[in-house]
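Enquirer: As input, take final31.txt (compact mmCIF, C-alpha atoms and all ligand atoms):
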# COMPACT_ATOMS: atom_id res chain seq x y z
CA MET A 1 79.75 84.32 0.18
CA VAL A 2 78.78 86.03 3.43
CA VAL A 3 81.90 87.23 5.24
CA ALA A 4 81.78 86.44 8.97
CA GLU A 5 81.85 89.42 11.30
CA ARG A 6 85.11 89.86 13.16
CA VAL A 7 85.56 89.72 16.95
CA LEU A 8 88.75 90.17 18.92
CA SER A 9 89.80 89.87 22.54
CA GLY A 10 92.76 89.11 24.78
CA MET A 11 93.99 88.15 28.23
CA GLN A 12 97.10 88.98 30.20
CA PRO A 13 99.60 86.18 30.80
CA THR A 14 100.14 87.14 34.42
CA GLY A 15 99.95 85.30 37.73
CA ASP A 16 100.06 81.54 38.06
CA SER A 17 97.27 80.79 35.63
CA LEU A 18 94.02 82.01 34.14
CA HIS A 19 91.22 81.75 36.68
CA LEU A 20 87.53 80.97 36.79
CA GLY A 21 86.62 84.63 36.14
CA ASN A 22 88.64 84.62 32.91
CA TYR A 23 87.08 81.31 31.92
CA VAL A 24 83.46 82.18 32.63
CA GLY A 25 83.56 85.92 31.87
CA ALA A 26 85.49 85.62 28.62
CA LEU A 27 86.82 82.28 27.36
CA LEU A 28 83.49 80.42 27.28
CA ASN A 29 82.00 83.28 25.33
CA TRP A 30 84.93 83.26 22.89
CA VAL A 31 84.46 79.55 22.30
CA ARG A 32 80.80 80.11 21.48
CA MET A 33 81.60 83.04 19.21
CA GLN A 34 84.28 81.37 17.13
CA GLU A 35 81.57 79.27 15.46
CA GLN A 36 80.01 82.26 13.71
CA HIS A 37 82.83 84.81 13.62
CA ASP A 38 86.24 85.57 12.26
CA ALA A 39 87.79 85.51 15.72
CA TYR A 40 91.19 86.81 16.93
CA PHE A 41 92.34 85.97 20.45
CA MET A 42 95.55 87.52 21.77
CA ILE A 43 97.83 86.86 24.68
CA VAL A 44 98.68 90.41 25.71
CA ASP A 45 102.27 90.19 26.90
CA LEU A 46 102.93 93.90 26.23
CA HIS A 47 100.24 94.69 28.75
CA ALA A 48 101.64 92.18 31.24
CA ILE A 49 104.90 94.13 31.66
CA THR A 50 103.06 97.19 32.97
CA MET A 51 103.44 95.46 36.34
CA PRO A 52 106.76 93.89 37.45
CA GLN A 53 107.28 90.49 35.78
CA ASP A 54 109.98 87.86 35.96
CA PRO A 55 111.15 87.31 32.33
CA ALA A 56 111.28 83.50 32.49
CA ALA A 57 107.91 83.36 34.23
CA LEU A 58 106.40 85.67 31.62
CA ARG A 59 107.56 83.43 28.76
CA GLU A 60 106.15 80.42 30.56
CA ALA A 61 102.86 82.18 31.31
CA THR A 62 102.53 83.25 27.67
CA ARG A 63 102.72 79.64 26.47
CA ARG A 64 100.51 78.44 29.28
CA THR A 65 97.85 81.02 28.44
CA ALA A 66 97.92 79.93 24.80
CA ALA A 67 97.57 76.31 25.92
CA GLN A 68 94.66 77.26 28.19
CA TYR A 69 92.88 79.02 25.32
CA ILE A 70 93.10 75.86 23.25
CA ALA A 71 92.35 73.47 26.09
CA GLY A 72 89.34 75.64 26.95
CA GLY A 73 87.96 75.18 23.45
CA ILE A 74 89.57 77.72 21.12
CA ASP A 75 90.05 75.87 17.85
CA PRO A 76 93.13 77.17 16.03
CA ASP A 77 91.65 76.01 12.73
CA ARG A 78 88.69 78.34 13.21
CA SER A 79 90.16 81.20 15.24
CA THR A 80 93.41 83.09 15.20
CA PRO A 81 95.28 82.87 18.53
CA PHE A 82 98.44 84.97 18.67
CA VAL A 83 100.89 86.75 20.96
CA GLN A 84 100.62 90.54 20.99
CA SER A 85 104.40 91.21 20.95
CA HIS A 86 104.70 89.16 17.74
CA VAL A 87 102.76 91.88 15.96
CA PRO A 88 104.73 95.14 16.26
CA GLU A 89 101.86 97.21 14.86
CA HIS A 90 100.20 97.15 18.32
CA ALA A 91 102.91 99.30 19.87
CA GLN A 92 103.10 101.46 16.74
CA LEU A 93 99.40 102.30 16.65
CA ALA A 94 99.38 102.80 20.43
CA TRP A 95 101.88 105.63 19.98
CA VAL A 96 99.67 107.40 17.46
CA LEU A 97 96.61 106.99 19.67
CA MET A 98 98.48 108.32 22.70
CA THR A 99 98.87 111.59 20.87
CA GLN A 100 95.09 111.73 20.56
CA THR A 101 94.31 110.97 24.22
CA GLY A 102 93.85 113.56 26.94
CA MET A 103 95.73 113.21 30.23
CA GLY A 104 92.48 113.62 32.16
CA GLU A 105 90.78 111.00 30.02
CA ALA A 106 93.53 108.45 30.72
CA ALA A 107 93.62 109.34 34.42
CA ARG A 108 89.90 108.52 34.78
CA MET A 109 90.38 104.82 33.97
CA THR A 110 89.44 102.89 37.11
CA GLN A 111 91.83 100.00 36.47
CA PHE A 112 94.72 102.49 36.44
CA LYS A 113 93.42 104.15 39.58
CA ASP A 114 93.12 100.79 41.40
CA LYS A 115 96.46 99.41 40.30
CA SER A 116 98.39 102.62 40.86
CA ALA A 117 96.82 102.97 44.31
CA LYS A 118 98.12 99.48 45.13
CA GLU A 119 101.61 100.29 43.86
CA GLY A 120 101.57 103.76 45.41
CA SER A 121 100.94 106.35 42.68
CA GLU A 122 104.55 107.62 42.81
CA HIS A 123 105.78 104.16 41.79
CA ALA A 124 103.17 103.38 39.15
CA GLY A 125 104.79 103.29 35.71
CA VAL A 126 103.79 105.38 32.73
CA GLY A 127 103.03 102.08 30.96
CA LEU A 128 100.26 101.43 33.45
CA PHE A 129 98.86 104.86 32.66
CA THR A 130 98.87 104.32 28.90
CA TYR A 131 97.72 100.69 29.20
CA PRO A 132 94.14 101.37 27.97
CA ILE A 133 95.48 103.19 24.91
CA LEU A 134 97.50 100.12 23.94
CA GLN A 135 94.30 98.14 24.42
CA ALA A 136 92.50 100.52 22.07
CA ALA A 137 95.25 99.93 19.50
CA ASP A 138 94.91 96.14 19.95
CA ILE A 139 91.28 96.40 19.05
CA LEU A 140 91.20 99.08 16.36
CA LEU A 141 93.96 97.47 14.26
CA TYR A 142 91.58 94.62 13.42
CA GLN A 143 88.38 96.61 12.76
CA PRO A 144 86.22 94.17 14.77
CA TYR A 145 82.52 94.75 15.23
CA GLY A 146 82.67 93.46 18.81
CA VAL A 147 85.00 92.68 21.70
CA PRO A 148 83.90 89.80 24.00
CA VAL A 149 85.04 90.69 27.54
CA GLY A 150 83.93 90.60 31.16
CA GLU A 151 82.26 93.61 32.71
CA ASP A 152 85.48 95.06 34.15
CA GLN A 153 86.71 95.91 30.63
CA LYS A 154 83.70 98.00 29.68
CA GLN A 155 85.37 101.30 30.46
CA HIS A 156 88.38 100.43 28.30
CA ILE A 157 86.12 99.60 25.37
CA GLU A 158 84.35 102.92 25.85
CA LEU A 159 87.70 104.72 25.66
CA THR A 160 88.50 102.70 22.52
CA ARG A 161 85.24 103.88 20.94
CA ASP A 162 85.95 107.49 21.89
CA LEU A 163 89.45 107.36 20.43
CA ALA A 164 88.21 105.75 17.22
CA GLN A 165 85.49 108.37 16.81
CA ARG A 166 87.94 111.19 17.49
CA PHE A 167 90.48 109.86 15.01
CA ASN A 168 87.81 109.37 12.35
CA HIS A 169 86.59 112.90 12.93
CA ARG A 170 90.07 114.45 12.71
CA PHE A 171 91.58 112.40 9.93
CA GLY A 172 88.64 110.91 8.03
CA GLU A 173 86.83 107.58 8.31
CA THR A 174 89.45 104.97 9.33
CA PHE A 175 88.29 102.83 12.26
CA ARG A 176 85.20 100.79 12.82
CA ILE A 177 83.57 101.61 16.18
CA PRO A 178 83.60 98.36 18.21
CA LYS A 179 80.95 97.20 20.69
CA PRO A 180 81.66 95.50 24.02
CA LEU A 181 80.11 92.00 24.00
CA ILE A 182 79.48 91.20 27.66
CA PRO A 183 77.78 87.92 28.63
CA GLU A 184 74.48 88.15 30.51
CA GLN A 185 75.55 85.66 33.16
CA GLY A 186 79.09 85.42 34.53
CA ALA A 187 80.36 88.84 33.38
CA ARG A 188 81.64 89.44 36.90
CA ILE A 189 82.74 86.46 38.98
CA TYR A 190 83.51 87.20 42.61
CA ASP A 191 86.31 86.10 44.89
CA LEU A 192 85.24 82.92 46.73
CA GLN A 193 86.58 84.29 50.02
CA ASP A 194 85.24 87.81 49.52
CA PRO A 195 82.06 87.85 47.44
CA THR A 196 82.11 91.63 47.21
CA ALA A 197 85.49 91.65 45.37
CA LYS A 198 86.07 90.61 41.78
CA MET A 199 87.98 87.34 41.34
CA SER A 200 91.39 88.53 40.26
CA LYS A 201 94.96 87.36 39.76
CA SER A 202 96.08 89.80 42.43
CA ALA A 203 93.66 88.63 45.13
CA SER A 204 94.85 88.74 48.73
CA SER A 205 93.95 85.12 49.53
CA PRO A 206 94.76 82.33 47.04
CA ASN A 207 91.76 80.37 48.37
CA GLY A 208 89.35 82.85 46.81
CA VAL A 209 90.65 82.32 43.28
CA LEU A 210 89.94 79.13 41.36
CA LEU A 211 92.82 78.59 38.95
CA LEU A 212 92.54 76.59 35.75
CA THR A 213 95.66 74.72 36.94
CA ASP A 214 94.15 73.65 40.28
CA THR A 215 93.95 69.94 41.10
CA ASP A 216 90.50 68.35 41.49
CA LYS A 217 91.03 68.33 45.22
CA LYS A 218 91.84 72.03 45.32
CA ILE A 219 88.89 72.96 43.11
CA ALA A 220 86.51 71.08 45.40
CA LYS A 221 88.11 72.50 48.53
CA LYS A 222 87.97 76.11 47.33
CA ILE A 223 84.30 75.83 46.40
CA LYS A 224 83.32 74.04 49.58
CA SER A 225 85.06 76.66 51.70
CA ALA A 226 83.55 79.59 49.78
CA VAL A 227 82.23 82.32 52.05
CA THR A 228 78.41 82.31 52.12
CA ASP A 229 75.86 84.58 53.72
CA ASP A 230 73.73 84.59 56.87
CA GLY A 231 70.46 82.70 56.62
CA ALA A 232 69.83 79.44 54.82
CA GLU A 233 67.72 80.22 51.79
CA ILE A 234 69.22 79.61 48.36
CA ARG A 235 68.12 82.63 46.40
CA TYR A 236 69.76 84.94 43.84
CA ASP A 237 69.98 88.35 45.46
CA PRO A 238 73.45 89.88 45.01
CA ALA A 239 72.77 92.84 47.34
CA VAL A 240 71.63 90.76 50.31
CA LYS A 241 73.26 87.41 49.53
CA PRO A 242 76.44 88.09 47.53
CA GLY A 243 78.07 84.75 48.41
CA ILE A 244 75.21 82.46 47.39
CA SER A 245 74.37 84.63 44.38
CA SER A 246 77.93 84.33 43.15
CA LEU A 247 77.88 80.54 43.50
CA LEU A 248 74.54 80.44 41.67
CA SER A 249 75.92 82.41 38.73
CA ILE A 250 78.98 80.17 38.46
CA TYR A 251 76.69 77.14 38.62
CA SER A 252 74.39 78.60 36.00
CA VAL A 253 77.17 79.24 33.47
CA LEU A 254 79.08 75.99 34.05
CA GLY A 255 75.95 73.85 34.20
CA GLY A 256 73.87 75.55 31.51
CA LYS A 257 70.86 75.99 33.82
CA SER A 258 69.06 79.27 34.42
CA ILE A 259 69.12 80.90 37.86
CA PRO A 260 65.34 80.39 38.41
CA GLU A 261 65.79 76.72 37.54
CA LEU A 262 68.55 76.40 40.12
CA GLU A 263 66.54 78.31 42.75
CA ALA A 264 63.67 75.86 42.23
CA GLU A 265 65.98 72.86 42.35
CA TYR A 266 67.56 73.99 45.64
CA ALA A 267 64.42 75.45 47.26
CA ASP A 268 64.41 72.95 50.13
CA LYS A 269 68.12 72.32 50.31
CA MET A 270 70.97 73.80 52.30
CA TYR A 271 74.04 75.79 51.27
CA GLY A 272 76.16 72.67 51.77
CA HIS A 273 74.19 70.74 49.11
CA LEU A 274 74.71 73.48 46.56
CA LYS A 275 78.42 73.63 47.31
CA VAL A 276 78.90 69.86 47.01
CA ASP A 277 77.09 69.77 43.66
CA LEU A 278 78.89 72.84 42.33
CA ALA A 279 82.26 71.41 43.41
CA GLU A 280 81.48 68.26 41.43
CA LEU A 281 80.39 70.27 38.40
CA ALA A 282 83.50 72.48 38.55
CA VAL A 283 85.80 69.46 38.76
CA ALA A 284 84.01 67.86 35.80
CA THR A 285 84.33 71.03 33.68
CA LEU A 286 87.70 72.43 34.70
CA GLY A 287 89.56 69.15 35.30
CA PRO A 288 89.71 68.23 31.60
CA VAL A 289 90.83 71.79 30.69
CA ARG A 290 93.71 71.48 33.17
CA ASP A 291 94.73 68.04 31.88
CA ARG A 292 94.59 69.11 28.23
CA THR A 293 96.66 72.23 29.05
CA ALA A 294 99.37 70.02 30.55
CA GLU A 295 99.38 67.81 27.43
CA LEU A 296 99.70 70.81 25.13
CA LEU A 297 102.55 72.21 27.21
CA ASN A 298 104.43 68.96 26.70
CA ASP A 299 104.92 70.00 23.09
CA PRO A 300 105.93 73.67 23.21
CA GLY A 301 107.28 73.50 19.64
CA GLU A 302 103.83 72.69 18.31
CA LEU A 303 102.31 75.56 20.34
CA ASP A 304 104.95 78.00 19.09
CA THR A 305 104.28 77.00 15.47
CA LEU A 306 100.62 77.58 15.96
CA LEU A 307 101.24 81.01 17.50
CA ALA A 308 103.59 81.96 14.67
CA LYS A 309 100.87 81.07 12.18
CA GLY A 310 98.39 83.19 14.15
CA ALA A 311 100.76 86.17 14.24
CA ALA A 312 101.41 85.98 10.49
CA LYS A 313 97.68 86.09 9.82
CA ALA A 314 97.12 88.89 12.36
CA ARG A 315 99.88 90.99 10.80
CA GLU A 316 98.16 91.00 7.42
CA THR A 317 95.24 92.95 8.85
CA ALA A 318 97.21 94.94 11.42
CA SER A 319 99.76 96.20 8.89
CA SER A 320 97.13 97.35 6.45
CA THR A 321 95.27 99.34 9.14
CA LEU A 322 98.52 100.85 10.39
CA ALA A 323 99.58 101.86 6.86
CA GLU A 324 96.29 103.70 6.46
CA VAL A 325 96.74 105.44 9.82
CA TYR A 326 100.31 106.49 8.96
CA GLN A 327 99.15 107.89 5.65
CA LYS A 328 96.23 109.76 7.27
CA VAL A 329 98.32 111.42 9.98
CA GLY A 330 100.82 112.58 7.36
CA PHE A 331 103.92 110.41 7.81
CA LEU A 332 106.18 110.46 4.76
CA PRO A 333 106.30 106.94 3.31
CA ALA A 334 109.79 105.37 3.28
CA ALA A 335 111.08 105.32 -0.29
CA GLY A 336 110.85 101.83 -1.79
CA GLY A 337 108.73 100.69 1.17
P1 LIG A 401 92.41 90.34 31.94
O1 LIG A 401 93.62 89.56 31.56
O2 LIG A 401 92.37 90.99 33.27
O3 LIG A 401 91.14 89.43 31.84
C1 LIG A 401 90.87 88.67 30.69
C2 LIG A 401 89.36 88.57 30.50
O4 LIG A 401 88.75 87.96 31.65
C3 LIG A 401 87.69 88.80 32.12
N1 LIG A 401 87.65 88.70 33.59
C4 LIG A 401 86.56 88.43 34.30
N2 LIG A 401 85.29 88.16 33.93
C5 LIG A 401 84.41 87.88 34.91
N3 LIG A 401 84.73 87.88 36.23
C6 LIG A 401 85.99 88.15 36.65
N4 LIG A 401 86.27 88.13 37.94
C7 LIG A 401 86.96 88.45 35.66
N5 LIG A 401 88.28 88.75 35.72
C8 LIG A 401 88.69 88.91 34.44
C9 LIG A 401 88.06 90.20 31.67
O5 LIG A 401 86.93 91.04 31.60
C10 LIG A 401 88.67 89.93 30.31
O6 LIG A 401 87.68 89.82 29.32
N6 LIG A 401 92.86 94.69 29.58
C11 LIG A 401 92.51 93.29 29.39
C12 LIG A 401 93.30 92.58 28.32
C13 LIG A 401 93.29 93.19 26.96
C14 LIG A 401 92.21 93.17 26.03
C15 LIG A 401 92.70 93.82 24.85
C16 LIG A 401 90.92 92.67 26.07
C17 LIG A 401 94.34 93.85 26.36
N7 LIG A 401 93.98 94.20 25.11
C18 LIG A 401 91.91 93.98 23.73
C19 LIG A 401 90.12 92.84 24.93
C20 LIG A 401 90.62 93.47 23.78
C21 LIG A 401 92.72 92.58 30.70
O7 LIG A 401 93.50 92.98 31.52
O8 LIG A 401 92.08 91.41 30.80
Output the file's structure in the form of structure tokens.

Expert:
Amino acid sequence: MVVAERVLSGMQPTGDSLHLGNYVGALLNWVRMQEQHDAYFMIVDLHAITMPQDPAALREATRRTAAQYIAGGIDPDRSTPFVQSHVPEHAQLAWVLMTQTGMGEAARMTQFKDKSAKEGSEHAGVGLFTYPILQAADILLYQPYGVPVGEDQKQHIELTRDLAQRFNHRFGETFRIPKPLIPEQGARIYDLQDPTAKMSKSASSPNGVLLLTDTDKKIAKKIKSAVTDDGAEIRYDPAVKPGISSLLSIYSVLGGKSIPELEAEYADKMYGHLKVDLAELAVATLGPVRDRTAELLNDPGELDTLLAKGAAKARETASSTLAEVYQKVGFLPAAGG
């Protein structure tokens, strides 16, 4: 029997909901990959508390994110969805990897620099600083060949590779070196109100972020009021026409048409036509995901059972990698353990 290659990824349960960037940059790719891979998809609640969180809201967001994974097409019979804090090995391996990471190396991570600048660097927590090392632990515990993510995570995967190589070099072959698996189209979705900024949960205007919980009316409104560029030509040219180019890439991924196909289709049309059609397409694709999420959330017990099953399976792999790491770094095994 050919054993399927393993992939692993995760999202933070923060903000009101996952958004279109998460869906297009990551989730759609995960759904495609689960067909051919042994796939693990986490909800990274340990990462979420690196920024202030309300405890009740975090619990709710964790379940909602799980429901959105499944509503978006993750099949729990094929893949392993689980909650990061249910698998204690993540925090345990992160500690070991922290001892192998340089201060300068961690300080170079752009996500840390951006987030700590927002908080004011005096107030940024140490957890935010070590965030990418926990991410490296998330990945390396499972020995995946690839990590399907959007473009913004590339630097964290590079750090993960460096840490794995360093550990292997110091302590002997232990970790597989994972590759980032970044989709060709949709790896970076822009804010609808500011097409030079990445769509993000912490955006300044809620109108720029299309949430997977938005009503049909809101989805259509946000797309129709998206900021576009001067001129009238519908052409993919991110440097000159970031607004229209961003809408074209969303259209391309959601509609399964190539950018040149769309450019040809809209050659004689106006921005407004493209927006109306894209709004309709987005409602048709995201509406059912929203409705299915709500149905799943009506039965939290069922969701929790599914997540417990995922965590039990994840722990089998995670604990065996951690045991090897503990042995390699020289920890004395607990007697009888
Ligand atoms: P997070 O929660 O910010 O984002 C989850 C996934 O969505 C992608 N993404 C985007 N893709 C395209 N356009 C956008 N505007 C956009 N915004 C977000 C992200 O690239 C990501 O794939 N550090 C990670 C979570 C994490 C993780 C891991 C990922 C923790 N441990 C281990 C992979 C493997 C993060 O904050 O993702």

Enquirer: Within 6 Å of ligand LIG 401 (chain A), counting all atoms listed in the file, which protein or nucleic acid residues do you find, written as a PyMOL selection string?

Expert: chain A and resi 9-12+21-22+25-26+44+135+138-139+149-153+186-190+198-200

Enquirer: Between CA of Ile219 in chain A and CA of Lys275 in chain A, what is the distance in Å, rounded to a tenth?

Expert: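 One can read the CA of Ile219 in chain A to CA of Lys275 in chain A distance as 11.3 Å.
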
Enquirer: Using only C-alpha atoms, which residue out of A:Ala232, A:Arg64, A:Ile223, A:Gly72 lies closest to Asn298 in chain A?

Expert: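 The closest residue to Asn298 in chain A is A:Arg64.
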
Enquirer: Please identify all polymer residues within 9 Å of Asp75 in chain A, counting all atoms listed in the file, omitting same-chain residues fewer than 6 positions from it, and present them as JSON, numbers by chain.

Expert: {"A": [31, 34, 69, 81]}

Enquirer: Starting from the point (90.5, 74.3, 39.2), work out which residues of protein, DNA or RNA have an atom no more than 10 Å away when counting all atoms listed in the file; state them as a VMD selection string.

Expert: chain A and resid 18 to 20 209 to 223 279 282 to 290

Enquirer: Restricting the calculation to all atoms listed in the file: of A:Glu105, A:Glu173, A:Asp194, A:Glu5, which residue gets closest to Thr160 in chain A?

Expert: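 The closest residue to Thr160 in chain A is A:Glu105.
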
Enquirer: Just give me the gap between CA of Gly330 in chain A and CA of Ile177 in chain A in Å, one decimal is fine.

Expert: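 Answer for the CA of Gly330 in chain A to CA of Ile177 in chain A separation: 22.3 Å.
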